Amino acid sequence: MQKIKVAMFTDELDRGRERSPYYRRVIEELLKDPSIELTLIHAKPNPEQPLYKKAREIIFPRIELPVASRFVSFIRFCLTTKEHFDIVHWFHPRVFPFFWLFPAKKTVIMTHAGGDVLSPTDIWSWSRFVFNYTLILFSRYVDAFIAVSNYGNREIIYAYRVPPQKVFTIFPALDQMYDPLPSDAHVNATVKKYGLEKGRYILFLGRFRLHKHVGHLVRSYIRYRQLYPDAKEILALAGSTKDEYARSFGELPTSAFTSDIKFVGYVETDDIPSIYCGATVVSFVTLSEGFGMPILESFACKVPVITSNVTASPEAAGNAALIVDPHDQQALVDAFKLVRRPDVRKTLIERGFARSRFFTIEMSVGGTKDLYRHLLGEDKHLQFEERPRMPIALPYEMP
């Protein structure tokens with residue numbers, strides 16, 4: 001059987017380990033398949049990434065200009081190369097204008113969801129505007145958009161104005177760093193490094209962007225402490241800085257409990273499982289998610305989760321989390337109170353851990369390869385839509 005020649009744009013791999021665990025795993029698994037010939041394409045050499053030694057690599061001959069060097073280098077490569085591919089696969093929706101000039105039969109873009117177009121943002125950029133409208137105006141040149149949830153699938157159809165038959169759902173995989181979980185001793189030592197104490201903090205881990213709704217979490221936490229004086233958990237905000245919080249949500253409210261809000265800052269990649277494991281509960285009550293990986297990661301770390309009832313979060317959570325209206329402060333306060341009950345905690349931890357086992361790299365990569373063969377018409381009997389869907393259940397009901 002003739003190999004499928006796949007070109008992948010892998011600039012995401014060059015932005016740091018923490019930015020690309022899923023992409024890295026997909027490439028590692030595809031390299032094991034003898035029916036696929038993989039070529040990794042990027043802008044600059046990266047000798048620290050071992051995958052470039054395992055696969056065929058192309059580095060764009062760079063044209064140095066005051067602006068748009070990568071774009072011009074890309075166009076030059078497309079117009080001068082003698083390479084030909086069956087599939088070109090982009091790992092993110094920010095593709096260059098004239099992306100259709102790339103020499104491939106089919107173009108696949110992992111768009112995740114429609115958040116780049118639809119989600120509120122506190123930072124407007126010209127590049128984001130150009131990337132978004134490149135896909136909106138020229139989506140006819142894309143053969144397949146990949147969504148990471150069924151909600152994200154529908155969002156892509158709406159945001160990028162594409163026909164439904166062009167959008168395919170492939171669920172993400174849990175990173176292997178969550179199996180096995182760190183020991184209690186390692187968790188204790190790690191959380192102490194960040195000024196925390198195991199079992200004594202409510203955790204949010206992520207960037208402090210508008211759609212992450214962290215200001216609402218802060219106000220709800222203060223209300224929770226006011227209503228329940230016996231509560232002793234601090235609120236740990238990890239993944240970004242107090243300055244970024246202030247830029248997005250303003251100054252912290254004036255309260256006697258503000259001193260119990262700790263800005264943890266950047267968490268090293270290897271420490272993330274321990275930070276999850278040490279939490280009393282993870283609060284991920286956001287306004288917009290294409291999937292919501294912190295929900296899945298928390299499940300894998302056997303930590304209860306509170307999340308929102310909008311966009312893709314309920315789909316990711318299933319019946320394994322407390323699900324609340326992200327605009328209802330009292331609902332989040334009640335959830336903080338409810339999750340302290342031992343029976344509720346036990347149920348959520350068991351359901352969450354079981355749900356996290358569904359998201360395997362084998363399923364994700366199998367879906368990717370099925371999509372390639374579907375686009376190239378190599379398997380006339382393959383019905384991509386018949387692949388197993390993620391089980392969706394009713395949320396855990398709060399009494």
# chains A, B, ... in the order shown; residues from 1 in each chain; ligands from 1

call {"tool": "residues_around", "arguments": {"residues": "Pro45 of chain A", "least_positions_apart": "2", "cutoff": "9 Å", "atoms": "only C-alpha atoms", "output": "short mmCIF file (atom, residue, chain, number, x, y, z; two decimals) with C-alpha atoms, in the first residue's frame"}}
result
data_model
loop_
_atom_site.label_atom_id
_atom_site.label_comp_id
_atom_site.auth_asym_id
_atom_site.auth_seq_id
_atom_site.Cartn_x
_atom_site.Cartn_y
_atom_site.Cartn_z
CA ASP A 14 8.94 25.12 19.26
CA HIS A 42 8.61 24.83 10.79
CA ALA A 43 10.31 28.21 10.62
CA PRO A 47 17.76 21.09 18.21
CA ILE A 59 12.83 24.36 7.67
#

call {"tool": "atom_distance", "arguments": {"atom1": "atom CA of Glu244 of chain A", "atom2": "atom CA of Gly206 of chain A"}}
result
11.6 Å

call {"tool": "closest_residue", "arguments": {"among": "A:Leu137, A:Ile146, A:Leu203, A:Ile222", "to": "Ala256 of chain A", "atoms": "only C-alpha atoms"}}
result
A:Ile222

call {"tool": "residues_around", "arguments": {"residues": "segment 277-292 of chain A", "least_positions_apart": "5", "cutoff": "7 Å", "atoms": "only C-alpha atoms", "output": "VMD selection string"}}
result
chain A and resid 112 to 113 115 119 148 to 149 152 187 191 198 to 204 211 to 213 298 301 to 308 310 to 313 316 326

call {"tool": "write_last_selection", "arguments": {"atoms": "C-alpha atoms", "output": "PDB file, in the first residue's frame"}}
result
ATOM      1  CA  HIS A 112     -10.426  23.208  18.139  1.00  0.00           C
ATOM      2  CA  ALA A 113     -13.566  25.377  18.323  1.00  0.00           C
ATOM      3  CA  GLY A 115     -13.224  30.694  20.303  1.00  0.00           C
ATOM      4  CA  SER A 119     -14.632  34.510  22.688  1.00  0.00           C
ATOM      5  CA  VAL A 148     -12.142  18.846  19.960  1.00  0.00           C
ATOM      6  CA  SER A 149     -15.758  18.559  21.168  1.00  0.00           C
ATOM      7  CA  GLY A 152     -16.757  22.997  19.333  1.00  0.00           C
ATOM      8  CA  VAL A 187       2.608  16.339  46.289  1.00  0.00           C
ATOM      9  CA  VAL A 191       2.755  22.405  46.824  1.00  0.00           C
ATOM     10  CA  LYS A 198      -2.181  20.031  50.573  1.00  0.00           C
ATOM     11  CA  GLY A 199      -5.950  19.881  51.020  1.00  0.00           C
ATOM     12  CA  ARG A 200      -6.224  23.529  52.038  1.00  0.00           C
ATOM     13  CA  TYR A 201      -6.827  25.400  48.788  1.00  0.00           C
ATOM     14  CA  ILE A 202      -9.413  25.911  46.057  1.00  0.00           C
ATOM     15  CA  LEU A 203      -7.548  25.954  42.743  1.00  0.00           C
ATOM     16  CA  PHE A 204      -7.876  27.756  39.443  1.00  0.00           C
ATOM     17  CA  HIS A 211     -13.444  34.394  29.153  1.00  0.00           C
ATOM     18  CA  LYS A 212     -11.824  32.542  32.063  1.00  0.00           C
ATOM     19  CA  HIS A 213     -14.094  34.606  34.349  1.00  0.00           C
ATOM     20  CA  SER A 298      -8.407  17.384  37.500  1.00  0.00           C
ATOM     21  CA  CYS A 301      -5.752  13.693  39.575  1.00  0.00           C
ATOM     22  CA  LYS A 302      -8.767  12.566  41.632  1.00  0.00           C
ATOM     23  CA  VAL A 303      -9.865  16.075  42.540  1.00  0.00           C
ATOM     24  CA  PRO A 304     -13.512  17.246  42.518  1.00  0.00           C
ATOM     25  CA  VAL A 305     -14.384  19.835  39.862  1.00  0.00           C
ATOM     26  CA  ILE A 306     -16.856  22.698  39.677  1.00  0.00           C
ATOM     27  CA  THR A 307     -17.450  23.927  36.149  1.00  0.00           C
ATOM     28  CA  SER A 308     -19.944  25.973  34.146  1.00  0.00           C
ATOM     29  CA  VAL A 310     -22.140  26.755  29.054  1.00  0.00           C
ATOM     30  CA  THR A 311     -20.238  25.941  25.841  1.00  0.00           C
ATOM     31  CA  ALA A 312     -18.192  22.693  25.939  1.00  0.00           C
ATOM     32  CA  SER A 313     -17.655  22.399  29.700  1.00  0.00           C
ATOM     33  CA  ALA A 316     -16.291  17.433  28.972  1.00  0.00           C
ATOM     34  CA  PRO A 326     -21.255  31.019  35.527  1.00  0.00           C
TER      35      PRO A 326
END

call {"tool": "closest_residue", "arguments": {"among": "A:Lys166, A:Arg345, A:Arg140, A:His84", "to": "Met110 of chain A", "atoms": "only C-alpha atoms"}}
result
A:Lys166

call {"tool": "select_by_dssp", "arguments": {"residues": "segment 127-292 of chain A", "states": "alpha helix (DSSP H)", "output": "number ranges by chain"}}
result
A: 127-137, 150-160, 184-193, 214-227, 242-249, 272-277

call {"tool": "residues_around", "arguments": {"residues": "Gly367 of chain A", "least_positions_apart": "3", "cutoff": "9 Å", "atoms": "only C-alpha atoms", "output": "ChimeraX atom specification"}}
result
/A:169-171,362-364,370-372,384,387

call {"tool": "write_last_selection", "arguments": {"atoms": "C-alpha atoms", "output": "short mmCIF file (atom, residue, chain, number, x, y, z; two decimals), in the first residue's frame"}}
result
data_model
loop_
_atom_site.label_atom_id
_atom_site.label_comp_id
_atom_site.auth_asym_id
_atom_site.auth_seq_id
_atom_site.Cartn_x
_atom_site.Cartn_y
_atom_site.Cartn_z
CA THR A 169 -14.78 15.92 15.98
CA ILE A 170 -11.66 14.24 17.38
CA PHE A 171 -11.47 14.34 21.16
CA GLU A 362 -5.15 5.72 20.69
CA MET A 363 -8.64 7.11 20.13
CA SER A 364 -7.34 10.54 19.15
CA ASP A 370 -9.40 7.76 9.82
CA LEU A 371 -9.87 11.37 8.75
CA TYR A 372 -6.83 11.23 6.44
CA PHE A 384 -16.01 8.65 9.89
CA ARG A 387 -16.62 6.52 15.40
#

call {"tool": "closest_residue", "arguments": {"among": "A:Ile349, A:Leu181, A:Ala173, A:Ala147", "to": "Arg24 of chain A", "atoms": "only C-alpha atoms"}}
result
A:Ala173

call {"tool": "closest_residue", "arguments": {"among": "A:Phe131, A:Thr80, A:Arg225, A:Val108", "to": "Phe168 of chain A", "atoms": "only C-alpha atoms"}}
result
A:Val108

call {"tool": "select_by_dssp", "arguments": {"residues": "segment 247-369 of chain A", "states": "strand (DSSP E)", "output": "list of chain:residue names"}}
result
A:Ile261, A:Lys262, A:Phe263, A:Val264, A:Gly265, A:Val281, A:Val282, A:Ser283, A:Phe284, A:Val305, A:Ile306, A:Thr307, A:Ser308, A:Leu322, A:Ile323, A:Val324

call {"tool": "write_last_selection", "arguments": {"atoms": "N, CA and C atoms", "output": "PDB file, in the first residue's frame"}}
result
ATOM      1  N   ILE A 261      -6.367  35.099  49.261  1.00  0.00           N
ATOM      2  CA  ILE A 261      -6.287  34.851  47.817  1.00  0.00           C
ATOM      3  C   ILE A 261      -4.808  34.911  47.432  1.00  0.00           C
ATOM      4  N   LYS A 262      -4.286  33.802  46.974  1.00  0.00           N
ATOM      5  CA  LYS A 262      -2.846  33.707  46.683  1.00  0.00           C
ATOM      6  C   LYS A 262      -2.631  33.580  45.173  1.00  0.00           C
ATOM      7  N   PHE A 263      -1.804  34.469  44.624  1.00  0.00           N
ATOM      8  CA  PHE A 263      -1.405  34.373  43.222  1.00  0.00           C
ATOM      9  C   PHE A 263      -0.149  33.514  43.143  1.00  0.00           C
ATOM     10  N   VAL A 264      -0.323  32.311  42.643  1.00  0.00           N
ATOM     11  CA  VAL A 264       0.768  31.338  42.615  1.00  0.00           C
ATOM     12  C   VAL A 264       1.748  31.628  41.489  1.00  0.00           C
ATOM     13  N   GLY A 265       1.253  32.215  40.402  1.00  0.00           N
ATOM     14  CA  GLY A 265       2.116  32.491  39.257  1.00  0.00           C
ATOM     15  C   GLY A 265       2.313  31.274  38.380  1.00  0.00           C
ATOM     16  N   VAL A 281     -10.568  21.353  45.735  1.00  0.00           N
ATOM     17  CA  VAL A 281     -11.472  21.331  44.584  1.00  0.00           C
ATOM     18  C   VAL A 281     -10.870  22.234  43.523  1.00  0.00           C
ATOM     19  N   VAL A 282     -11.137  21.940  42.274  1.00  0.00           N
ATOM     20  CA  VAL A 282     -10.731  22.804  41.164  1.00  0.00           C
ATOM     21  C   VAL A 282     -11.972  23.539  40.673  1.00  0.00           C
ATOM     22  N   SER A 283     -11.899  24.860  40.610  1.00  0.00           N
ATOM     23  CA  SER A 283     -12.989  25.676  40.078  1.00  0.00           C
ATOM     24  C   SER A 283     -12.607  26.121  38.668  1.00  0.00           C
ATOM     25  N   PHE A 284     -13.403  25.704  37.705  1.00  0.00           N
ATOM     26  CA  PHE A 284     -13.154  26.058  36.306  1.00  0.00           C
ATOM     27  C   PHE A 284     -14.476  26.532  35.704  1.00  0.00           C
ATOM     28  N   VAL A 305     -14.382  18.700  40.779  1.00  0.00           N
ATOM     29  CA  VAL A 305     -14.384  19.835  39.862  1.00  0.00           C
ATOM     30  C   VAL A 305     -15.734  20.542  39.919  1.00  0.00           C
ATOM     31  N   ILE A 306     -15.677  21.867  39.902  1.00  0.00           N
ATOM     32  CA  ILE A 306     -16.856  22.698  39.677  1.00  0.00           C
ATOM     33  C   ILE A 306     -16.652  23.395  38.346  1.00  0.00           C
ATOM     34  N   THR A 307     -17.605  23.291  37.455  1.00  0.00           N
ATOM     35  CA  THR A 307     -17.450  23.927  36.149  1.00  0.00           C
ATOM     36  C   THR A 307     -18.775  24.558  35.735  1.00  0.00           C
ATOM     37  N   SER A 308     -18.779  25.195  34.572  1.00  0.00           N
ATOM     38  CA  SER A 308     -19.944  25.973  34.146  1.00  0.00           C
ATOM     39  C   SER A 308     -20.849  25.165  33.229  1.00  0.00           C
ATOM     40  N   LEU A 322     -19.638  19.163  39.551  1.00  0.00           N
ATOM     41  CA  LEU A 322     -20.714  20.075  39.926  1.00  0.00           C
ATOM     42  C   LEU A 322     -20.779  21.156  38.851  1.00  0.00           C
ATOM     43  N   ILE A 323     -21.954  21.323  38.260  1.00  0.00           N
ATOM     44  CA  ILE A 323     -22.100  22.221  37.114  1.00  0.00           C
ATOM     45  C   ILE A 323     -23.022  23.371  37.498  1.00  0.00           C
ATOM     46  N   VAL A 324     -22.531  24.597  37.326  1.00  0.00           N
ATOM     47  CA  VAL A 324     -23.260  25.779  37.792  1.00  0.00           C
ATOM     48  C   VAL A 324     -23.354  26.823  36.689  1.00  0.00           C
TER      49      VAL A 324
END

call {"tool": "closest_residue", "arguments": {"among": "A:Val167, A:Val267, A:Ile156, A:Ala144", "to": "Gly195 of chain A", "atoms": "only C-alpha atoms"}}
result
A:Val267

call {"tool": "atom_distance", "arguments": {"atom1": "atom CA of Phe358 of chain A", "atom2": "atom CA of Ala300 of chain A"}}
result
10.6 Å

call {"tool": "closest_residue", "arguments": {"among": "A:Ser274, A:Ser240, A:Ser20, A:Ser220", "to": "Gln330 of chain A", "atoms": "only C-alpha atoms"}}
result
A:Ser220
